[in-house]
$ cat final22.csv   # CSV, N, CA and C atoms
chain,number,residue,atom,x,y,z
B,9,MET,N,-5.7,13.4,-10.3
B,9,MET,CA,-5.1,13.0,-9.1
B,9,MET,C,-4.6,14.3,-8.3
B,10,ASN,N,-4.2,15.3,-9.0
B,10,ASN,CA,-3.7,16.5,-8.4
B,10,ASN,C,-4.8,17.2,-7.5
B,11,GLU,N,-6.0,17.1,-8.0
B,11,GLU,CA,-7.1,17.8,-7.2
B,11,GLU,C,-7.3,17.0,-5.9
B,12,LEU,N,-7.0,15.7,-5.8
B,12,LEU,CA,-7.1,15.0,-4.6
B,12,LEU,C,-6.0,15.3,-3.6
B,13,ALA,N,-4.8,15.7,-4.1
B,13,ALA,CA,-3.7,16.0,-3.3
B,13,ALA,C,-3.9,17.1,-2.3
B,14,ARG,N,-4.8,18.0,-2.6
B,14,ARG,CA,-5.1,19.1,-1.7
B,14,ARG,C,-5.8,18.7,-0.4
B,15,TYR,N,-6.3,17.4,-0.3
B,15,TYR,CA,-6.9,16.9,0.9
B,15,TYR,C,-5.9,16.2,1.8
B,16,VAL,N,-4.7,16.1,1.4
B,16,VAL,CA,-3.6,15.5,2.2
B,16,VAL,C,-3.0,16.6,3.0
B,17,VAL,N,-3.0,16.4,4.3
B,17,VAL,CA,-2.5,17.4,5.3
B,17,VAL,C,-1.1,17.0,5.8
B,18,ASP,N,-0.1,17.9,5.6
B,18,ASP,CA,1.2,17.6,6.1
B,18,ASP,C,1.3,17.9,7.6
B,19,VAL,N,1.8,17.0,8.4
B,19,VAL,CA,1.9,17.2,9.8
B,19,VAL,C,3.4,17.0,10.2
B,20,PRO,N,4.1,18.1,10.3
B,20,PRO,CA,5.6,18.1,10.6
B,20,PRO,C,5.9,17.5,12.0
B,21,ASP,N,7.0,16.8,12.1
B,21,ASP,CA,7.5,16.3,13.3
B,21,ASP,C,6.6,15.3,14.0
B,22,PHE,N,5.9,14.5,13.2
B,22,PHE,CA,5.0,13.5,13.7
B,22,PHE,C,5.3,12.2,13.0
B,23,PRO,N,5.5,11.1,13.7
B,23,PRO,CA,5.4,10.8,15.1
B,23,PRO,C,6.6,11.2,15.9
B,24,SER,N,7.6,11.6,15.2
B,24,SER,CA,8.9,12.0,15.9
B,24,SER,C,9.5,13.2,15.2
B,25,PRO,N,10.4,13.9,15.8
B,25,PRO,CA,11.1,15.0,15.2
B,25,PRO,C,11.8,14.6,13.8
B,26,GLY,N,11.6,15.5,12.8
B,26,GLY,CA,12.2,15.2,11.5
B,26,GLY,C,11.4,14.4,10.6
B,27,ILE,N,10.2,13.9,11.0
B,27,ILE,CA,9.3,13.1,10.2
B,27,ILE,C,8.2,14.0,9.7
B,28,LEU,N,7.9,14.0,8.4
B,28,LEU,CA,6.8,14.7,7.9
B,28,LEU,C,5.7,13.6,7.6
B,29,PHE,N,4.7,13.6,8.4
B,29,PHE,CA,3.5,12.7,8.3
B,29,PHE,C,2.5,13.3,7.4
B,30,ARG,N,2.1,12.5,6.4
B,30,ARG,CA,1.0,13.0,5.5
B,30,ARG,C,-0.3,12.3,5.9
B,31,ASP,N,-1.2,13.1,6.5
B,31,ASP,CA,-2.5,12.6,6.9
B,31,ASP,C,-3.4,12.6,5.8
B,32,ILE,N,-3.9,11.3,5.5
B,32,ILE,CA,-4.8,11.2,4.4
B,32,ILE,C,-6.2,11.0,4.9
B,33,SER,N,-6.4,11.2,6.2
B,33,SER,CA,-7.8,11.1,6.7
B,33,SER,C,-8.8,12.0,6.1
B,34,PRO,N,-8.5,13.3,5.8
B,34,PRO,CA,-9.4,14.2,5.2
B,34,PRO,C,-9.7,13.7,3.7
B,35,LEU,N,-8.7,13.2,3.1
B,35,LEU,CA,-8.9,12.6,1.7
B,35,LEU,C,-9.9,11.4,1.7
B,36,LEU,N,-9.6,10.5,2.6
B,36,LEU,CA,-10.5,9.3,2.7
B,36,LEU,C,-11.9,9.7,3.1
B,37,ARG,N,-12.0,10.7,4.0
B,37,ARG,CA,-13.3,11.1,4.5
B,37,ARG,C,-14.2,11.7,3.4
B,38,SER,N,-13.6,12.5,2.5
B,38,SER,CA,-14.4,13.2,1.6
B,38,SER,C,-14.3,12.7,0.1
B,39,HIS,N,-13.2,11.9,-0.2
B,39,HIS,CA,-13.1,11.4,-1.6
B,39,HIS,C,-12.5,10.0,-1.6
B,40,PHE,N,-13.0,9.1,-0.8
B,40,PHE,CA,-12.5,7.8,-0.8
B,40,PHE,C,-12.7,7.1,-2.1
B,41,ALA,N,-13.8,7.1,-2.7
B,41,ALA,CA,-14.1,6.4,-4.0
B,41,ALA,C,-13.2,7.0,-5.1
B,42,ASP,N,-13.1,8.3,-5.1
B,42,ASP,CA,-12.2,8.9,-6.1
B,42,ASP,C,-10.8,8.6,-6.0
B,43,THR,N,-10.3,8.4,-4.7
B,43,THR,CA,-9.0,8.0,-4.5
B,43,THR,C,-8.7,6.6,-4.9
B,44,VAL,N,-9.6,5.7,-4.6
B,44,VAL,CA,-9.4,4.3,-5.1
B,44,VAL,C,-9.4,4.3,-6.6
B,45,GLN,N,-10.3,5.0,-7.2
B,45,GLN,CA,-10.4,5.0,-8.7
B,45,GLN,C,-9.1,5.6,-9.3
B,46,ALA,N,-8.5,6.7,-8.7
B,46,ALA,CA,-7.3,7.2,-9.2
B,46,ALA,C,-6.1,6.2,-9.1
B,47,LEU,N,-6.1,5.5,-7.9
B,47,LEU,CA,-5.0,4.5,-7.8
B,47,LEU,C,-5.2,3.4,-8.8
B,48,ASP,N,-6.4,3.0,-9.0
B,48,ASP,CA,-6.7,1.9,-10.0
B,48,ASP,C,-6.2,2.3,-11.4
B,49,GLY,N,-6.4,3.6,-11.7
B,49,GLY,CA,-6.0,4.1,-13.0
B,49,GLY,C,-4.5,4.3,-13.2
B,50,LEU,N,-3.7,4.1,-12.2
B,50,LEU,CA,-2.2,4.2,-12.3
B,50,LEU,C,-1.7,3.0,-13.1
B,51,PHE,N,-2.4,1.9,-13.2
B,51,PHE,CA,-2.0,0.7,-13.8
B,51,PHE,C,-2.8,0.3,-15.1
B,52,SER,N,-2.1,-0.2,-16.1
B,52,SER,CA,-2.8,-0.6,-17.3
B,52,SER,C,-3.5,-1.9,-17.1
B,53,ALA,N,-4.4,-2.2,-18.1
B,53,ALA,CA,-5.1,-3.5,-18.0
B,53,ALA,C,-4.1,-4.7,-18.0
B,54,ALA,N,-3.0,-4.6,-18.8
B,54,ALA,CA,-2.0,-5.6,-18.8
B,54,ALA,C,-1.3,-5.8,-17.4
B,55,GLU,N,-1.1,-4.7,-16.8
B,55,GLU,CA,-0.5,-4.7,-15.5
B,55,GLU,C,-1.4,-5.4,-14.5
B,56,TRP,N,-2.7,-5.0,-14.5
B,56,TRP,CA,-3.7,-5.6,-13.6
B,56,TRP,C,-3.9,-7.1,-13.9
B,57,SER,N,-3.8,-7.5,-15.1
B,57,SER,CA,-3.9,-8.9,-15.4
B,57,SER,C,-2.8,-9.8,-14.8
B,58,ALA,N,-1.7,-9.2,-14.6
B,58,ALA,CA,-0.6,-9.9,-14.0
B,58,ALA,C,-0.6,-9.9,-12.4
B,59,VAL,N,-1.6,-9.3,-11.9
B,59,VAL,CA,-1.7,-9.2,-10.4
B,59,VAL,C,-2.7,-10.2,-9.9
B,60,ASP,N,-2.2,-11.0,-8.9
B,60,ASP,CA,-3.1,-12.0,-8.2
B,60,ASP,C,-3.7,-11.4,-7.0
B,61,ALA,N,-3.0,-10.5,-6.3
B,61,ALA,CA,-3.4,-10.0,-5.0
B,61,ALA,C,-2.8,-8.6,-4.9
B,62,VAL,N,-3.5,-7.8,-4.1
B,62,VAL,CA,-3.0,-6.4,-3.9
B,62,VAL,C,-2.5,-6.4,-2.4
B,63,ALA,N,-1.3,-5.9,-2.3
B,63,ALA,CA,-0.7,-5.9,-0.9
B,63,ALA,C,-0.7,-4.4,-0.5
B,64,GLY,N,-0.9,-4.3,0.8
B,64,GLY,CA,-0.8,-2.9,1.4
B,64,GLY,C,0.0,-2.9,2.7
B,65,ILE,N,0.8,-1.9,2.9
B,65,ILE,CA,1.6,-1.8,4.1
B,65,ILE,C,0.8,-1.1,5.1
B,66,GLU,N,0.8,-1.6,6.4
B,66,GLU,CA,0.0,-1.1,7.5
B,66,GLU,C,0.2,0.4,7.6
B,67,SER,N,-0.7,1.0,8.2
B,67,SER,CA,-2.1,0.7,8.3
B,67,SER,C,-2.9,1.3,7.2
B,68,ARG,N,-2.4,2.5,6.8
B,68,ARG,CA,-3.2,3.2,5.7
B,68,ARG,C,-3.2,2.4,4.4
B,69,GLY,N,-2.2,1.6,4.2
B,69,GLY,CA,-2.1,0.8,3.0
B,69,GLY,C,-3.1,-0.3,3.0
B,70,PHE,N,-3.5,-0.8,4.2
B,70,PHE,CA,-4.6,-1.8,4.3
B,70,PHE,C,-5.9,-1.3,3.7
B,71,VAL,N,-6.2,-0.1,4.0
B,71,VAL,CA,-7.5,0.5,3.6
B,71,VAL,C,-7.6,0.6,2.1
B,72,LEU,N,-6.6,1.2,1.5
B,72,LEU,CA,-6.6,1.4,0.0
B,72,LEU,C,-6.4,0.1,-0.7
B,73,ALA,N,-5.5,-0.7,-0.3
B,73,ALA,CA,-5.2,-2.0,-0.9
B,73,ALA,C,-6.4,-2.9,-0.9
B,74,ALA,N,-7.1,-2.9,0.2
B,74,ALA,CA,-8.3,-3.8,0.3
B,74,ALA,C,-9.4,-3.3,-0.6
B,75,ALA,N,-9.6,-2.0,-0.7
B,75,ALA,CA,-10.6,-1.4,-1.6
B,75,ALA,C,-10.2,-1.7,-3.1
B,76,LEU,N,-8.9,-1.6,-3.4
B,76,LEU,CA,-8.5,-1.9,-4.8
B,76,LEU,C,-8.7,-3.4,-5.1
B,77,ALA,N,-8.4,-4.2,-4.1
B,77,ALA,CA,-8.6,-5.7,-4.3
B,77,ALA,C,-10.1,-6.0,-4.6
B,78,ILE,N,-11.0,-5.4,-3.8
B,78,ILE,CA,-12.4,-5.6,-4.0
B,78,ILE,C,-12.8,-5.1,-5.4
B,79,GLN,N,-12.4,-3.9,-5.8
B,79,GLN,CA,-12.7,-3.3,-7.0
B,79,GLN,C,-12.3,-4.2,-8.2
B,80,ARG,N,-11.1,-4.8,-8.1
B,80,ARG,CA,-10.5,-5.6,-9.2
B,80,ARG,C,-10.7,-7.1,-9.1
B,81,GLY,N,-11.4,-7.5,-8.0
B,81,GLY,CA,-11.7,-8.9,-7.8
B,81,GLY,C,-10.4,-9.7,-7.5
B,82,LYS,N,-9.5,-9.1,-6.8
B,82,LYS,CA,-8.2,-9.7,-6.5
B,82,LYS,C,-8.2,-10.0,-5.0
B,83,GLY,N,-7.2,-10.8,-4.6
B,83,GLY,CA,-7.0,-11.1,-3.2
B,83,GLY,C,-6.3,-9.9,-2.5
B,84,PHE,N,-6.3,-9.9,-1.2
B,84,PHE,CA,-5.6,-8.9,-0.4
B,84,PHE,C,-4.5,-9.5,0.5
B,85,VAL,N,-3.3,-8.9,0.5
B,85,VAL,CA,-2.2,-9.4,1.4
B,85,VAL,C,-1.8,-8.3,2.3
B,86,PRO,N,-1.9,-8.4,3.6
B,86,PRO,CA,-1.4,-7.4,4.5
B,86,PRO,C,0.1,-7.5,4.6
B,87,VAL,N,0.8,-6.4,4.6
B,87,VAL,CA,2.2,-6.3,4.8
B,87,VAL,C,2.4,-5.5,6.1
B,88,ARG,N,3.2,-6.1,7.0
B,88,ARG,CA,3.3,-5.4,8.3
B,88,ARG,C,4.8,-5.3,8.7
B,89,LYS,N,5.0,-4.4,9.7
B,89,LYS,CA,6.4,-4.3,10.2
B,89,LYS,C,6.9,-5.6,10.7
B,90,LYS,N,8.2,-5.8,10.7
B,90,LYS,CA,8.8,-7.0,11.1
B,90,LYS,C,8.3,-7.5,12.5
B,91,GLY,N,8.1,-8.8,12.5
B,91,GLY,CA,7.7,-9.4,13.8
B,91,GLY,C,6.2,-9.3,14.2
B,92,LYS,N,5.4,-8.7,13.3
B,92,LYS,CA,4.0,-8.5,13.6
B,92,LYS,C,3.1,-9.6,13.0
B,93,LEU,N,3.6,-10.4,12.1
B,93,LEU,CA,2.8,-11.4,11.4
B,93,LEU,C,3.3,-12.8,11.9
B,94,PRO,N,2.4,-13.8,12.1
B,94,PRO,CA,2.9,-15.1,12.5
B,94,PRO,C,3.6,-15.8,11.3
B,95,PRO,N,4.5,-16.7,11.6
B,95,PRO,CA,5.2,-17.4,10.5
B,95,PRO,C,4.3,-18.3,9.8
B,96,PRO,N,4.6,-18.7,8.6
B,96,PRO,CA,5.8,-18.3,7.8
B,96,PRO,C,5.6,-16.9,7.1
B,97,VAL,N,6.7,-16.2,7.0
B,97,VAL,CA,6.6,-14.9,6.4
B,97,VAL,C,7.8,-14.7,5.4
B,98,VAL,N,7.6,-13.7,4.5
B,98,VAL,CA,8.7,-13.4,3.6
B,98,VAL,C,9.2,-12.0,4.0
B,99,ASP,N,10.5,-11.9,4.1
B,99,ASP,CA,11.1,-10.6,4.5
B,99,ASP,C,11.2,-9.7,3.3
B,100,ILE,N,10.8,-8.5,3.4
B,100,ILE,CA,10.8,-7.5,2.3
B,100,ILE,C,11.7,-6.4,2.7
B,101,ALA,N,12.8,-6.1,2.0
B,101,ALA,CA,13.7,-5.0,2.3
B,101,ALA,C,13.0,-3.7,1.9
B,102,TYR,N,12.7,-2.8,2.8
B,102,TYR,CA,12.0,-1.6,2.5
B,102,TYR,C,12.4,-0.6,3.5
B,103,ASP,N,12.8,0.6,3.0
B,103,ASP,CA,13.1,1.6,4.0
B,103,ASP,C,11.9,2.5,4.3
B,104,LEU,N,11.6,2.5,5.6
B,104,LEU,CA,10.6,3.4,6.1
B,104,LEU,C,11.2,4.7,6.7
B,105,GLU,N,10.3,5.7,6.9
B,105,GLU,CA,10.8,6.9,7.4
B,105,GLU,C,11.4,6.7,8.8
B,106,TYR,N,10.8,5.8,9.6
B,106,TYR,CA,11.2,5.6,11.0
B,106,TYR,C,11.4,4.1,11.3
B,107,GLY,N,12.0,3.4,10.4
B,107,GLY,CA,12.3,2.0,10.6
B,107,GLY,C,12.6,1.4,9.2
B,108,ALA,N,12.9,0.1,9.3
B,108,ALA,CA,13.3,-0.6,8.0
B,108,ALA,C,12.8,-2.0,8.0
B,109,GLY,N,12.3,-2.5,6.9
B,109,GLY,CA,11.9,-3.8,6.7
B,109,GLY,C,10.5,-4.1,7.1
B,110,VAL,N,9.9,-4.9,6.3
B,110,VAL,CA,8.5,-5.4,6.5
B,110,VAL,C,8.4,-6.9,6.2
B,111,ASP,N,7.4,-7.5,6.6
B,111,ASP,CA,7.1,-8.9,6.3
B,111,ASP,C,5.7,-9.0,5.7
B,112,ARG,N,5.6,-10.1,4.8
B,112,ARG,CA,4.3,-10.4,4.4
B,112,ARG,C,4.1,-11.9,4.6
B,113,SER,N,2.9,-12.3,4.8
B,113,SER,CA,2.6,-13.7,5.0
B,113,SER,C,3.0,-14.5,3.8
B,114,LEU,N,3.5,-15.7,4.0
B,114,LEU,CA,3.9,-16.6,2.9
B,114,LEU,C,2.6,-17.4,2.6
B,115,ASP,N,2.2,-17.2,1.3
B,115,ASP,CA,1.0,-18.0,0.9
B,115,ASP,C,1.5,-19.4,0.5
B,116,ARG,N,1.1,-20.3,1.3
B,116,ARG,CA,1.5,-21.7,1.1
B,116,ARG,C,1.1,-22.3,-0.2
B,117,HIS,N,0.1,-21.7,-0.8
B,117,HIS,CA,-0.4,-22.3,-2.0
B,117,HIS,C,0.1,-21.6,-3.3
B,118,ARG,N,0.6,-20.4,-3.2
B,118,ARG,CA,1.0,-19.6,-4.4
B,118,ARG,C,2.3,-18.8,-4.1
B,119,ALA,N,3.4,-19.4,-4.1
B,119,ALA,CA,4.6,-18.8,-3.9
B,119,ALA,C,5.0,-17.8,-5.0
B,120,ASP,N,4.4,-18.0,-6.2
B,120,ASP,CA,4.8,-17.2,-7.3
B,120,ASP,C,3.8,-16.1,-7.6
B,121,GLN,N,2.9,-15.8,-6.7
B,121,GLN,CA,1.8,-14.8,-7.1
B,121,GLN,C,2.4,-13.5,-7.3
B,122,GLY,N,1.7,-12.7,-8.2
B,122,GLY,CA,2.1,-11.4,-8.5
B,122,GLY,C,1.4,-10.4,-7.6
B,123,LEU,N,2.2,-9.7,-6.8
B,123,LEU,CA,1.6,-8.7,-5.9
B,123,LEU,C,1.8,-7.3,-6.3
B,124,LEU,N,0.8,-6.5,-6.1
B,124,LEU,CA,0.9,-5.1,-6.4
B,124,LEU,C,0.9,-4.4,-5.1
B,125,LEU,N,1.9,-3.6,-4.8
B,125,LEU,CA,2.0,-2.8,-3.6
B,125,LEU,C,1.2,-1.5,-3.8
B,126,ALA,N,0.0,-1.4,-3.2
B,126,ALA,CA,-0.9,-0.4,-3.5
B,126,ALA,C,-0.5,0.9,-2.8
B,127,LEU,N,-0.2,0.9,-1.6
B,127,LEU,CA,0.1,2.1,-0.8
B,127,LEU,C,1.1,1.7,0.3
B,128,ALA,N,2.1,2.4,0.3
B,128,ALA,CA,3.2,2.2,1.3
B,128,ALA,C,3.0,3.2,2.5
B,129,ALA,N,3.7,3.0,3.5
B,129,ALA,CA,3.6,3.9,4.7
B,129,ALA,C,4.2,5.3,4.4
B,130,GLY,N,3.7,6.2,5.2
B,130,GLY,CA,4.2,7.6,5.2
B,130,GLY,C,4.2,8.3,3.9
B,131,THR,N,5.3,8.9,3.5
B,131,THR,CA,5.3,9.7,2.3
B,131,THR,C,5.5,8.9,1.1
B,132,ASP,N,5.6,7.6,1.2
B,132,ASP,CA,5.9,6.7,0.1
B,132,ASP,C,4.6,6.3,-0.7
B,133,CYS,N,3.7,7.2,-0.8
B,133,CYS,CA,2.5,6.9,-1.5
B,133,CYS,C,2.8,7.1,-3.0
B,134,HIS,N,3.2,6.1,-3.7
B,134,HIS,CA,3.6,6.2,-5.1
B,134,HIS,C,3.4,4.9,-5.8
B,135,ARG,N,3.5,5.0,-7.1
B,135,ARG,CA,3.3,3.9,-8.0
B,135,ARG,C,4.5,2.9,-8.0
B,136,LEU,N,4.2,1.7,-7.8
B,136,LEU,CA,5.2,0.6,-7.8
B,136,LEU,C,4.7,-0.4,-8.8
B,137,ARG,N,5.6,-0.9,-9.6
B,137,ARG,CA,5.2,-1.9,-10.6
B,137,ARG,C,5.0,-3.3,-9.9
B,138,THR,N,4.2,-4.1,-10.6
B,138,THR,CA,3.9,-5.4,-10.1
B,138,THR,C,5.3,-6.1,-9.9
B,139,ARG,N,5.4,-6.8,-8.8
B,139,ARG,CA,6.6,-7.4,-8.4
B,139,ARG,C,6.3,-8.8,-7.8
B,140,HIS,N,7.2,-9.7,-7.9
B,140,HIS,CA,7.1,-11.0,-7.3
B,140,HIS,C,7.9,-11.1,-6.1
B,141,TRP,N,7.3,-11.4,-5.0
B,141,TRP,CA,8.1,-11.7,-3.8
B,141,TRP,C,8.0,-13.1,-3.4
B,142,ARG,N,9.1,-13.7,-3.3
B,142,ARG,CA,9.2,-15.2,-2.9
B,142,ARG,C,9.8,-15.4,-1.6
$ encode --input "final22.csv" --output "structure tokens"
Amino acid sequence: MNELARYVVDVPDFPSPGILFRDISPLLRSHFADTVQALDGLFSAAEWSAVDAVAGIESRGFVLAAALAIQRGKGFVPVRKKGKLPPPVVDIAYDLEYGAGVDRSLDRHRADQGLLLALAAGTDCHRLRTRHWR
């Protein structure tokens, strides 16, 4: 995974002063499959078996979460900033670099599904354990 990190470009003061934006476009352009494989490898077989769907926070999270979902034969759940999804939604307390809180669609059929947050916004690209959002 360290060899992939060199393709992430730091863009200071974007989109506003004091924010360090990490541009993953070069990484996705040249090493997309390797990136998805590296993210897949962050979780054990037991952890993957507990996952029903892979969630990704807009917009970069959509790309990687959807790819992981396809690779693992799981569903995909988009997570967006508050007010961007039609109801019903589940509120998720989450601190972003330039805002707080996100929503995910409420699955009317599976309120207990295990979701894996694959990639969060901004600098929060890190491993999170399977968690249940109700």
$ atom_distance --input "final22.csv" --atom1 "atom CA of Leu93 of chain B" --atom2 "atom C of Arg37 of chain B"
29.8 Å
$ atom_distance --input "final22.csv" --atom1 "atom CA of Ala53 of chain B" --atom2 "atom N of Ile65 of chain B"
21.8 Å
$ atom_distance --input "final22.csv" --atom1 "atom CA of Arg68 of chain B" --atom2 "atom CA of Pro86 of chain B"
10.8 Å
$ residues_around --input "final22.csv" --residues "Asp42 of chain B" --least-positions-apart "3" --cutoff "12 Å" --atoms "only C-alpha atoms" --output "PyMOL selection string"
chain B and resi 9-13+15+35-39+45-49+72+75-76
$ axis_aligned_box --input "final22.csv" --around "segment 77-95 of chain B" --padding-each-side "5 Å" --output "JSON"
{"center_x": -2.0, "center_y": -10.8, "center_z": 2.5, "size_x": 31.6, "size_y": 25.0, "size_z": 33.4}
$ closest_residue --input "final22.csv" --among "B:Lys82, B:Val87, B:Phe40, B:Pro20" --to "Val59 of chain B" --atoms "only N, CA and C atoms"
B:Lys82
$ select_by_dssp --input "final22.csv" --residues "segment 20-110 of chain B" --states "strand (DSSP E)" --output "list in words"
Pro20, Leu28, Phe29, Arg30, Asp31, Ala61, Val62, Ala63, Gly64, Ile65, Gly83, Phe84, Val85, Pro86, Val87, Arg88, Lys89, Val97, Val98, Asp99, Ile100, Ala101, Tyr102, Asp103, Leu104, Gly107, Ala108, Gly109 and Val110 of chain B
$ closest_residue --input "final22.csv" --among "B:Ala77, B:Ile32, B:Ala61, B:Val98" --to "Val16 of chain B" --atoms "all atoms listed in the file"
B:Ile32
